[in-house]
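start_20.csv follows; it contains CSV, C-alpha atoms and all ligand atoms.
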chain,number,residue,atom,x,y,z
O,21,MET,CA,222.0,152.1,69.4
O,22,SER,CA,224.8,151.8,72.0
O,23,ILE,CA,222.5,150.8,74.8
O,24,PRO,CA,220.0,148.1,73.6
O,25,MET,CA,216.8,146.9,75.2
O,26,ALA,CA,218.4,143.5,75.7
O,27,ASP,CA,222.0,142.2,75.3
O,28,LEU,CA,222.0,138.5,74.7
O,29,LYS,CA,225.5,138.5,73.4
O,30,ALA,CA,226.9,140.0,76.6
O,31,GLN,CA,224.9,137.4,78.6
O,32,TYR,CA,226.3,134.6,76.4
O,33,ARG,CA,229.9,135.8,76.7
O,34,ALA,CA,229.6,135.6,80.5
O,35,LEU,CA,228.3,132.1,80.4
O,36,GLU,CA,230.0,130.7,77.3
O,37,PRO,CA,232.0,127.8,78.8
O,38,GLU,CA,229.0,126.5,80.8
O,39,ILE,CA,226.6,126.8,77.9
O,40,LYS,CA,228.9,125.1,75.5
O,41,SER,CA,229.5,122.2,77.8
O,42,ALA,CA,225.8,121.8,78.5
O,43,LEU,CA,225.0,121.8,74.8
O,44,LEU,CA,227.7,119.3,73.9
O,45,ASP,CA,226.5,117.0,76.7
O,46,VAL,CA,223.0,116.9,75.1
O,47,LEU,CA,224.5,116.2,71.7
O,48,GLU,CA,226.6,113.3,73.1
O,49,LYS,CA,223.7,111.8,74.9
O,50,GLY,CA,221.5,111.9,71.8
O,51,GLN,CA,218.2,112.3,73.7
O,52,PHE,CA,216.5,115.4,72.3
O,53,ILE,CA,212.8,115.3,73.4
O,54,LEU,CA,211.6,114.8,77.0
O,55,GLY,CA,215.0,113.8,78.5
O,56,GLU,CA,216.6,114.4,81.8
O,57,ASN,CA,217.3,118.1,81.4
O,58,VAL,CA,213.6,118.7,80.7
O,59,SER,CA,212.4,116.8,83.8
O,60,SER,CA,215.1,118.3,86.0
O,61,LEU,CA,214.3,121.8,84.7
O,62,GLU,CA,210.6,121.2,85.4
O,63,THR,CA,211.4,120.2,89.0
O,64,GLU,CA,213.8,123.1,89.5
O,65,ILE,CA,211.5,125.8,88.2
O,66,ALA,CA,208.4,124.4,89.9
O,67,GLU,CA,210.3,124.5,93.2
O,68,MET,CA,211.6,128.0,92.6
O,69,CYS,CA,208.0,129.2,91.8
O,70,GLY,CA,206.4,127.4,94.7
O,71,ALA,CA,204.4,125.0,92.5
O,72,ASN,CA,204.0,121.2,92.8
O,73,TYR,CA,204.3,120.6,89.1
O,74,GLY,CA,206.0,122.2,86.1
O,75,ILE,CA,205.0,121.1,82.6
O,76,SER,CA,207.3,122.4,80.0
O,77,VAL,CA,206.0,123.1,76.5
O,78,ALA,CA,207.2,124.7,73.2
O,79,SER,CA,206.4,128.3,74.0
O,80,GLY,CA,204.8,130.7,76.5
O,81,THR,CA,201.8,130.9,74.2
O,82,ASP,CA,201.3,127.1,74.3
O,83,ALA,CA,201.7,127.2,78.1
O,84,ILE,CA,198.6,129.4,78.3
O,85,THR,CA,196.7,127.4,75.7
O,86,ILE,CA,197.4,124.1,77.4
O,87,ALA,CA,196.7,125.5,80.8
O,88,LEU,CA,193.3,126.7,79.6
O,89,ALA,CA,192.6,123.3,77.9
O,90,ALA,CA,193.8,121.3,81.0
O,91,LEU,CA,191.4,123.3,83.1
O,92,GLY,CA,188.6,122.4,80.8
O,93,ILE,CA,188.0,125.8,79.2
O,94,GLY,CA,186.7,125.6,75.6
O,95,PRO,CA,183.9,126.5,73.2
O,96,GLY,CA,181.0,128.4,74.8
O,97,ASP,CA,183.2,129.6,77.7
O,98,GLU,CA,184.2,133.2,78.4
O,99,VAL,CA,187.5,134.2,80.0
O,100,ILE,CA,188.0,137.6,81.5
O,101,THR,CA,191.3,139.2,80.7
O,102,THR,CA,193.2,142.4,80.0
O,103,PRO,CA,193.4,144.2,76.6
O,104,PHE,CA,196.8,145.7,77.6
O,105,THR,CA,199.2,142.8,77.1
O,106,PHE,CA,201.0,140.8,74.5
O,107,VAL,CA,198.7,139.3,72.0
O,108,ALA,CA,199.4,135.7,73.2
O,109,THR,CA,197.2,136.2,76.2
O,110,THR,CA,194.1,136.7,74.1
O,111,GLU,CA,195.2,134.4,71.3
O,112,SER,CA,195.4,131.4,73.7
O,113,ILE,CA,191.8,132.0,74.8
O,114,VAL,CA,190.6,132.0,71.2
O,115,LEU,CA,192.8,129.0,70.3
O,116,VAL,CA,190.9,126.8,72.8
O,117,GLY,CA,187.6,128.0,71.3
O,118,ALA,CA,186.6,130.3,74.2
O,119,ARG,CA,185.8,134.0,74.1
O,120,PRO,CA,188.0,136.7,75.6
O,121,VAL,CA,186.1,139.3,77.6
O,122,TYR,CA,188.1,142.4,78.4
O,123,VAL,CA,188.1,144.7,81.4
O,124,ASP,CA,190.2,147.8,81.8
O,125,ILE,CA,193.5,148.2,83.6
O,126,ASP,CA,194.6,150.0,86.7
O,127,PRO,CA,196.5,153.0,85.4
O,128,ALA,CA,199.0,152.8,88.3
O,129,THR,CA,200.2,149.3,87.7
O,130,TYR,CA,198.9,148.6,84.1
O,131,ASN,CA,197.5,145.3,85.5
O,132,ILE,CA,193.9,144.2,85.2
O,133,ASP,CA,191.6,146.3,87.5
O,134,PRO,CA,189.9,143.9,89.9
O,135,SER,CA,187.1,146.4,90.6
O,136,ALA,CA,186.1,146.1,86.9
O,137,VAL,CA,186.1,142.3,86.8
O,138,GLU,CA,182.8,141.5,88.6
O,139,LYS,CA,180.7,143.5,86.2
O,140,ALA,CA,182.0,141.5,83.3
O,141,ILE,CA,181.0,138.1,84.7
O,142,THR,CA,178.2,136.3,82.9
O,143,PRO,CA,176.8,132.8,83.3
O,144,LYS,CA,179.3,131.8,80.6
O,145,THR,CA,182.4,133.0,82.5
O,146,LYS,CA,184.7,130.1,83.4
O,147,ALA,CA,188.0,131.7,84.2
O,148,LEU,CA,190.1,134.8,84.9
O,149,LEU,CA,193.3,135.3,83.0
O,150,PRO,CA,195.3,138.2,84.6
O,151,VAL,CA,198.8,139.0,83.4
O,152,HIS,CA,201.6,140.0,85.7
O,153,LEU,CA,202.6,142.8,83.4
O,154,TYR,CA,206.2,144.0,83.1
O,155,GLY,CA,207.1,141.7,86.0
O,156,GLN,CA,204.7,142.9,88.7
O,157,CYS,CA,202.0,140.6,90.0
O,158,ALA,CA,198.3,141.5,89.5
O,159,GLN,CA,196.1,142.2,92.5
O,160,MET,CA,195.7,138.5,93.3
O,161,ASP,CA,193.8,138.6,96.6
O,162,GLU,CA,191.0,140.6,95.0
O,163,LEU,CA,191.0,138.5,91.9
O,164,LEU,CA,191.1,135.2,93.8
O,165,ALA,CA,188.2,136.3,96.0
O,166,ILE,CA,186.0,137.1,93.0
O,167,ALA,CA,187.0,133.8,91.4
O,168,GLU,CA,186.1,131.9,94.5
O,169,LYS,CA,182.7,133.6,94.9
O,170,HIS,CA,181.8,132.8,91.3
O,171,GLY,CA,183.5,129.4,90.9
O,172,LEU,CA,186.0,130.5,88.3
O,173,ALA,CA,189.4,129.2,87.5
O,174,VAL,CA,192.4,131.6,87.7
O,175,ILE,CA,195.2,131.2,85.2
O,176,CYS,CA,198.0,133.8,85.5
O,177,ASP,CA,200.1,134.8,82.5
O,178,GLY,CA,203.5,135.0,84.2
O,179,ALA,CA,205.5,135.2,81.0
O,180,GLN,CA,207.1,138.4,82.2
O,181,ALA,CA,207.2,137.5,85.9
O,182,ILE,CA,209.4,134.6,86.7
O,183,GLY,CA,210.8,135.1,90.2
O,184,SER,CA,208.3,137.8,91.1
O,185,LYS,CA,206.3,137.5,94.3
O,186,TYR,CA,202.9,138.7,95.7
O,187,LYS,CA,202.7,139.0,99.5
O,188,GLY,CA,205.8,136.8,99.7
O,189,LYS,CA,204.2,134.1,97.5
O,190,PRO,CA,205.9,133.1,94.3
O,191,ILE,CA,203.8,132.9,91.2
O,192,GLY,CA,203.2,129.2,91.3
O,193,GLN,CA,201.1,129.7,94.4
O,194,LEU,CA,198.7,132.2,92.9
O,195,GLY,CA,195.7,130.7,91.3
O,196,HIS,CA,195.0,127.3,89.6
O,197,ALA,CA,197.8,127.6,87.1
O,198,ALA,CA,200.5,130.0,86.0
O,199,THR,CA,202.4,130.2,82.8
O,200,LEU,CA,206.0,131.1,81.9
O,201,SER,CA,207.7,132.0,78.7
O,202,PHE,CA,211.4,131.3,77.9
O,203,PHE,CA,211.4,133.6,74.8
O,204,PRO,CA,215.1,134.7,74.5
O,205,THR,CA,214.6,138.2,75.9
O,206,LYS,CA,212.5,137.2,78.9
O,207,ASN,CA,214.2,137.3,82.3
O,208,LEU,CA,215.0,133.6,81.9
O,209,GLY,CA,215.4,133.1,78.2
O,210,ALA,CA,216.2,130.1,76.0
O,211,TYR,CA,218.0,130.2,72.7
O,212,GLY,CA,214.8,129.6,70.9
O,213,ASP,CA,211.1,129.2,72.0
O,214,GLY,CA,210.0,127.6,75.2
O,215,GLY,CA,207.5,127.8,78.0
O,216,MET,CA,206.1,126.1,81.1
O,217,MET,CA,202.9,125.7,82.9
O,218,LEU,CA,202.8,125.5,86.7
O,219,THR,CA,200.1,124.1,88.8
O,220,ASN,CA,199.5,122.5,92.2
O,221,ASP,CA,196.6,120.3,91.0
O,222,ASP,CA,197.4,116.7,90.3
O,223,ALA,CA,194.7,116.1,87.7
O,224,VAL,CA,195.4,119.4,85.8
O,225,ALA,CA,199.1,118.5,85.7
O,226,GLU,CA,198.4,115.1,84.4
O,227,LYS,CA,196.1,116.4,81.7
O,228,ALA,CA,198.6,119.1,80.7
O,229,ARG,CA,201.3,116.5,80.4
O,230,SER,CA,199.1,114.4,78.1
O,231,LEU,CA,198.0,117.4,76.1
O,232,ARG,CA,201.5,118.5,75.2
O,233,PHE,CA,202.1,115.0,73.8
O,234,HIS,CA,199.2,114.6,71.4
O,235,GLY,CA,196.8,113.8,74.3
O,236,MET,CA,198.4,110.5,74.8
O,237,SER,CA,197.5,108.5,78.0
O,238,SER,CA,199.6,105.5,77.6
O,239,SER,CA,201.6,104.2,74.7
O,240,TYR,CA,199.6,105.0,71.5
O,241,GLU,CA,196.4,105.4,73.5
O,242,TYR,CA,194.8,108.9,73.2
O,243,ARG,CA,192.4,110.2,75.8
O,244,HIS,CA,192.4,113.8,74.6
O,245,ILE,CA,192.8,115.7,71.3
O,246,GLY,CA,196.2,117.2,72.1
O,247,TYR,CA,199.1,119.3,70.8
O,248,CYS,CA,202.6,118.7,69.8
O,249,SER,CA,204.3,121.1,72.2
O,250,ARG,CA,207.4,120.1,74.0
O,251,LEU,CA,210.5,121.9,75.2
O,252,ASP,CA,213.6,120.6,73.5
O,253,GLU,CA,216.3,119.0,75.6
O,254,ILE,CA,218.8,121.5,74.2
O,255,GLN,CA,216.8,124.4,75.4
O,256,ALA,CA,216.2,122.8,78.8
O,257,ALA,CA,220.0,122.3,79.2
O,258,ILE,CA,220.6,126.0,78.4
O,259,LEU,CA,217.9,127.1,80.8
O,260,ARG,CA,219.4,125.0,83.5
O,261,VAL,CA,222.7,126.8,83.1
O,262,LYS,CA,221.0,130.1,83.4
O,263,LEU,CA,218.5,129.3,86.2
O,264,PRO,CA,221.0,129.6,89.1
O,265,TYR,CA,221.7,133.2,88.0
O,266,LEU,CA,218.1,134.3,87.8
O,267,THR,CA,217.7,135.7,91.3
O,268,ALA,CA,220.9,137.8,91.0
O,269,TRP,CA,219.8,139.0,87.5
O,270,ASN,CA,216.3,140.0,88.9
O,271,GLU,CA,218.0,141.9,91.7
O,272,ALA,CA,220.3,143.7,89.2
O,273,ARG,CA,217.1,144.7,87.3
O,274,ARG,CA,215.6,146.0,90.5
O,275,ASN,CA,218.8,148.0,91.3
O,276,ASN,CA,218.8,149.6,87.9
O,277,ALA,CA,215.1,150.4,88.2
O,278,ALA,CA,215.6,152.0,91.6
O,279,LYS,CA,218.2,154.3,90.1
O,280,TYR,CA,215.9,155.4,87.2
O,281,SER,CA,213.0,155.9,89.5
O,282,LYS,CA,215.1,158.2,91.7
O,283,VAL,CA,215.5,160.5,88.7
O,284,LEU,CA,211.9,160.4,87.5
O,285,THR,CA,210.0,160.6,90.8
O,286,GLY,CA,208.3,164.0,91.0
O,287,SER,CA,209.0,164.8,87.3
O,288,PRO,CA,206.6,164.9,84.4
O,289,ILE,CA,207.7,161.4,83.5
O,290,ILE,CA,205.8,159.0,85.8
O,291,PRO,CA,208.0,156.0,86.9
O,292,PRO,CA,206.6,152.5,87.4
O,293,ILE,CA,205.3,151.9,90.9
O,294,GLU,CA,205.9,148.8,92.9
O,295,LEU,CA,203.0,148.1,95.2
O,296,PRO,CA,204.1,147.3,98.8
O,297,GLU,CA,202.8,143.7,98.5
O,298,ASN,CA,204.8,143.0,95.4
O,299,TYR,CA,208.3,142.0,94.5
O,300,HIS,CA,208.6,143.4,91.0
O,301,ILE,CA,211.2,141.8,88.8
O,302,TYR,CA,211.2,144.5,86.1
O,303,HIS,CA,211.0,142.5,83.0
O,304,GLN,CA,210.5,145.9,81.6
O,305,TYR,CA,211.1,149.3,83.2
O,306,THR,CA,208.0,151.1,81.9
O,307,ALA,CA,207.4,154.8,82.5
O,308,ARG,CA,204.7,157.1,81.1
O,309,CYS,CA,204.6,160.6,79.7
O,310,ALA,CA,202.1,162.5,77.7
O,311,ASN,CA,205.0,163.7,75.6
O,312,ARG,CA,206.3,160.2,74.8
O,313,GLU,CA,207.7,161.1,71.4
O,314,VAL,CA,209.9,163.9,72.8
O,315,VAL,CA,211.2,161.7,75.6
O,316,GLN,CA,212.0,158.9,73.2
O,317,SER,CA,213.9,161.2,70.8
O,318,LYS,CA,216.0,162.6,73.7
O,319,LEU,CA,216.9,159.1,74.7
O,320,LYS,CA,217.7,158.2,71.1
O,321,ASN,CA,220.0,161.2,70.9
O,322,ALA,CA,221.9,159.8,73.9
O,323,GLY,CA,222.2,156.4,72.3
O,324,VAL,CA,219.6,154.8,74.6
O,325,ALA,CA,217.1,152.5,73.1
O,326,SER,CA,213.4,152.6,74.1
O,327,ALA,CA,210.4,150.6,73.1
O,328,VAL,CA,206.6,150.7,73.5
O,329,TYR,CA,204.8,147.8,75.1
O,330,TYR,CA,202.2,148.0,73.7
O,331,PRO,CA,201.3,150.6,71.2
O,332,SER,CA,197.8,149.4,70.6
O,333,PRO,CA,195.5,147.5,72.9
O,334,LEU,CA,194.1,144.2,71.8
O,335,HIS,CA,190.4,145.3,71.7
O,336,VAL,CA,191.1,147.5,68.7
O,337,GLN,CA,193.2,144.9,66.7
O,338,GLN,CA,191.8,143.8,63.4
O,339,ALA,CA,192.1,140.1,64.2
O,340,TYR,CA,189.9,140.5,67.3
O,341,SER,CA,187.3,142.9,65.8
O,342,TYR,CA,184.8,140.1,65.7
O,343,LEU,CA,184.6,140.5,69.5
O,344,GLY,CA,182.7,143.7,68.9
O,345,TYR,CA,184.7,146.1,71.0
O,346,LYS,CA,185.5,149.7,69.9
O,347,LEU,CA,187.8,152.5,70.6
O,348,GLY,CA,186.7,154.1,73.9
O,349,ASP,CA,185.7,150.9,75.6
O,350,PHE,CA,188.8,150.7,77.8
O,351,PRO,CA,190.1,154.3,78.3
O,352,GLU,CA,192.9,153.4,80.7
O,353,ALA,CA,194.4,150.8,78.4
O,354,GLU,CA,194.0,153.2,75.4
O,355,LYS,CA,195.7,156.0,77.3
O,356,ALA,CA,198.5,153.8,78.5
O,357,SER,CA,199.2,152.6,74.9
O,358,LYS,CA,199.7,156.3,73.9
O,359,GLU,CA,201.9,157.2,76.9
O,360,VAL,CA,204.1,154.2,78.0
O,361,PHE,CA,207.7,153.6,77.0
O,362,SER,CA,210.3,151.1,78.3
O,363,ILE,CA,214.0,151.6,78.6
O,364,PRO,CA,216.9,149.2,79.0
O,365,VAL,CA,216.9,147.7,82.6
O,366,HIS,CA,218.5,144.3,81.9
O,367,PRO,CA,221.2,142.9,84.1
O,368,ASN,CA,223.9,143.0,81.4
O,369,LEU,CA,224.1,146.8,81.6
O,370,SER,CA,227.5,148.1,82.9
O,371,ASP,CA,227.6,150.8,85.5
O,372,GLU,CA,228.7,153.2,82.8
O,373,GLN,CA,225.7,152.3,80.7
O,374,VAL,CA,223.3,152.7,83.6
O,375,GLN,CA,224.8,156.2,84.1
O,376,THR,CA,224.3,157.0,80.5
O,377,VAL,CA,220.6,156.1,80.8
O,378,ILE,CA,220.3,158.2,84.0
O,379,ASP,CA,221.9,161.2,82.3
O,380,ALA,CA,219.6,160.8,79.3
O,381,LEU,CA,216.6,160.6,81.6
O,382,LYS,CA,217.7,163.9,83.2
O,383,VAL,CA,217.8,165.5,79.8
O,384,ALA,CA,214.4,164.0,78.9
O,385,VAL,CA,212.8,165.2,82.1
O,386,GLU,CA,213.9,168.8,81.4
O,387,SER,CA,212.4,168.8,77.9
O,388,CYS,CA,208.9,167.6,78.7
O,401,LIG,C1,206.2,136.7,75.9
O,401,LIG,C2,204.8,136.7,76.3
O,401,LIG,C3,203.9,135.6,76.0
O,401,LIG,C4,204.2,134.5,75.0
O,401,LIG,O1,205.4,133.9,75.1
O,401,LIG,P1,206.0,133.1,73.9
O,401,LIG,O2,207.0,132.3,74.5
O,401,LIG,O3,206.6,134.2,72.9
O,401,LIG,O4,204.9,132.3,73.2
O,401,LIG,C5,202.7,135.7,76.6
O,401,LIG,N1,202.2,136.7,77.4
O,401,LIG,C6,203.0,137.7,77.7
O,401,LIG,C7,202.5,138.8,78.5
O,401,LIG,C8,204.3,137.8,77.1
O,401,LIG,O5,205.1,138.8,77.4

Please lay out the structure from this file as C-alpha cells.
Amino acid sequence: MSIPMADLKAQYRALEPEIKSALLDVLEKGQFILGENVSSLETEIAEMCGANYGISVASGTDAITIALAALGIGPGDEVITTPFTFVATTESIVLVGARPVYVDIDPATYNIDPSAVEKAITPKTKALLPVHLYGQCAQMDELLAIAEKHGLAVICDGAQAIGSKYKGKPIGQLGHAATLSFFPTKNLGAYGDGGMMLTNDDAVAEKARSLRFHGMSSSYEYRHIGYCSRLDEIQAAILRVKLPYLTAWNEARRNNAAKYSKVLTGSPIIPPIELPENYHIYHQYTARCANREVVQSKLKNAGVASAVYYPSPLHVQQAYSYLGYKLGDFPEAEKASKEVFSIPVHPNLSDEQVQTVIDALKVAVESC
C-alpha cells in the first residue's frame, strides 16, 4: 500500500539526530527506571493537558486500570462505558474487579450518548468511563452533570485524544482523571508501550504513584497491592523529543481532515463531524458509508490504505459474553461497526499523498 495508515519511518527520518542523541544520553547515564526524563515528561505532559499531576505507566491500558484503582473502583462496583471503543477500556474495568455497564453511542460523534447514561445508573454504579474516540472529546458537560448528581467518578479514556480540547479545556481538566497511551501509532507515540494518567487530585495522584510501583509507600513498605507498571526512561526520552512537535502534528491532521471533509460533505459517504465545542485532533479520520466494502476497495485500487475501528462492538465479544449482553442491545454501536472506515490522516503525509487520497475519495463517492 503506497499510502499507509501511519508512517513511523518517515517520522523517524525527520527526527533521527534528535532521537539518537536522546537515546545515547540515557544509555550513558545508566538510569533506566523512573529517572529524570520520566519526571520531566510527566511535568511537561501534565502542563500541556492542564492537569496538576501526570503519572506515567507502562501502557495506556495500565493508565486506565491504575486510574480506576486509585479512585477506589473495585469488586462490586459498576462502571458505565461505551461498547464502541478499543477493548482496553472495558478490559481495565474488569481487571480491577468491577463490572462494565454499556450504554449506546451518539451516531454523529461515535462517543457515549449522555442521554442514555442516567438510565444505566444503579446503586452499584461508581464511575463513568467515557472515551474521547478518534480524538474528539465526549460530551463532558452533560456527563459531568450526571456524575455530580449521582456522586460518580469520571475517568476519561484519552488514549486517542492528547492535545484535544472541549470548550477550550484540555483533557486533563475534564473529570477526576484522564488517561493517555503512547502506543507507537498514537498522536504522541513511543518506540514501544507507554501510558500516563492525569489528575488534579493530590490523594489520587499519590495513590497512583504508589500503585505503579507495587503499592509501595516508603522503602519496602507496602500500603496497597500494586502493579509493576512504569514508563522506561528510554521511552520517556523519545517522547520528550517528540512532544514539542505534537501541536503542529495535530494541526497537520486537522488540515488533512478538512480537505477530506470538503470532498465528502453532501455525498453518500458521511464525514466525521467536529462539534463546535470541540478541538478534534483526528487520531483517526473516520467516515461512514452503508457500502463500506465498495469504498474500501476503491481506495485500495488507488493505493490508499483504510482500516475499520472497530469491526465488532465489545458487548458481542466472546470474552465479555458473561456480562449477558446480546446483539441488538446497542443498535448505534452495532450499525457504526458495520459502516465506519478510517483513512490515512497522519502528519507525515506529503501534499502529493493527500492529493492521492482526495482523488481516491472522489472516485469512491461516485461509486456508492
Ligand atoms: C490505544 C488505546 C488504549 C490502550 O492503549 P495501550 O497503550 O495500547 O495499552 C485504550 N483505549 C483506547 C481508546 C485506545 O485507542

Q: Excluding O:Ser135 and residues on its chain fewer than 6 positions from it, collect all residues at most 10 Å away from it, counting all atoms listed in the file, and give them as an MDAnalysis selection string.
A: chainID O and resid 123:126 162:163 166

**Q.** 8 Å shell around ligand LIG 401 (chain O) using all atoms listed in the file, listed as a ChimeraX atom specification
**A.** /O:78-84,105-109,151-154,177-180,200-203,206,213-215

Q: Could you tell me how far atom CA of O:Ala272 lies from atom CA of O:Glu38, in Å and to one decimal?
A: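 One can read the atom CA of O:Ala272 to atom CA of O:Glu38 distance as 21.0 Å.
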
Q: Identify, on the basis of only C-alpha atoms, every residue whose closest approach to stretch 68-72 of chain O does not exceed 9 Å; exclude the query and any residue fewer than 3 positions from it along the same chain; express the result as number ranges by chain.
A: O: 63-65, 182-185, 189-193, 197, 218-222

Q. Of the candidates O:Val114, O:Cys157, O:Leu251, O:Val99, which shows the shortest atom-to-atom distance to O:Ile293, using only C-alpha atoms?
A.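 Comparing O:Val114, O:Cys157, O:Leu251, O:Val99 against O:Ile293, the winner is O:Cys157.
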
Q. Of the residues O:Ile290, O:Ile132, O:Leu164, O:Leu172, which is the one nearest to O:Lys144, using all atoms listed in the file?
A. O:Leu172

Q | Residue with smallest distance to O:Val324 - pool O:Met217, O:Ile363, O:Ala356, O:Cys388, counting only C-alpha atoms | A |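 Ranked by minimum distance to O:Val324, first place goes to O:Ile363.
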
Q) Could you name the residues that touch O:Pro364 at 7 Å or less, counting all atoms listed in the file, but leaving out those on the same chain fewer than 2 positions away, as a ChimeraX atom specification? A) /O:24-26,325-326,362,366

Q.
Need the shell around stretch 42-59 of chain O: protein/DNA/RNA residues with any atom at most 6 Å away, counting all atoms listed in the file. Skip same-chain ones fewer than 6 positions apart. Format as number ranges by chain?
A. O: 252-253, 256-257

Q. Which polymer residues, protein or nucleic acid, are no farther than 8 Å from (202.3, 153.5, 71.4), counting all atoms listed in the file, as a list of chain:residue names?
A. O:Val328, O:Tyr329, O:Tyr330, O:Pro331, O:Ser332, O:Ser357, O:Lys358, O:Glu359, O:Val360, O:Phe361

Q | Near-O:Ala140 list (9 Å; all atoms listed in the file; drop same-chain fewer than 6 positions) as an MDAnalysis selection string | A | chainID O and resid 100 121:123

(Q) One decimal, in Å: what's the spacing between atom CA of O:Ser387 and atom CA of O:Val365? (A)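 Result for atom CA of O:Ser387 versus atom CA of O:Val365: 22.1 Å, one decimal.
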
Q.
I need the residue nearest O:Glu313 from this list: O:Gly188, O:Leu194, O:Leu149, O:Ala327. Use only C-alpha atoms for the distance.
A.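 When distances to O:Glu313 are compared using only C-alpha atoms, the smallest one comes from O:Ala327.
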
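Atom pair atom CA of O:Pro292 / atom CA of O:Pro127 has a distance of 10.3 Å (rounded to one decimal).
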
Q | Pick from O:Arg119, O:His170, O:Leu295, O:Gln31, whichever lies nearest to O:Glu138 using all atoms listed in the file | A | O:His170

Q | Of the listed residues O:Val174, O:Leu231, O:Ala165, O:Ala147, that which approaches O:Val77 most closely, counting only C-alpha atoms | A | O:Leu231

Just need the box for stretch 48-63 of chain O, edges along x, y and z, holding every atom the file lists for it with 5 Å tacked onto each side, so centre and edge lengths in Å to one decimal, as JSON.
{"center_x": 218.6, "center_y": 116.8, "center_z": 80.4, "size_x": 26.0, "size_y": 20.0, "size_z": 27.2}

Q: Could you pull out every residue with an atom within 12 Å of (224.1, 156.8, 76.3), file coordinates, counting all atoms listed in the file, and send them as a ChimeraX atom specification?
A: /O:21-24,318-326,363-364,369-383
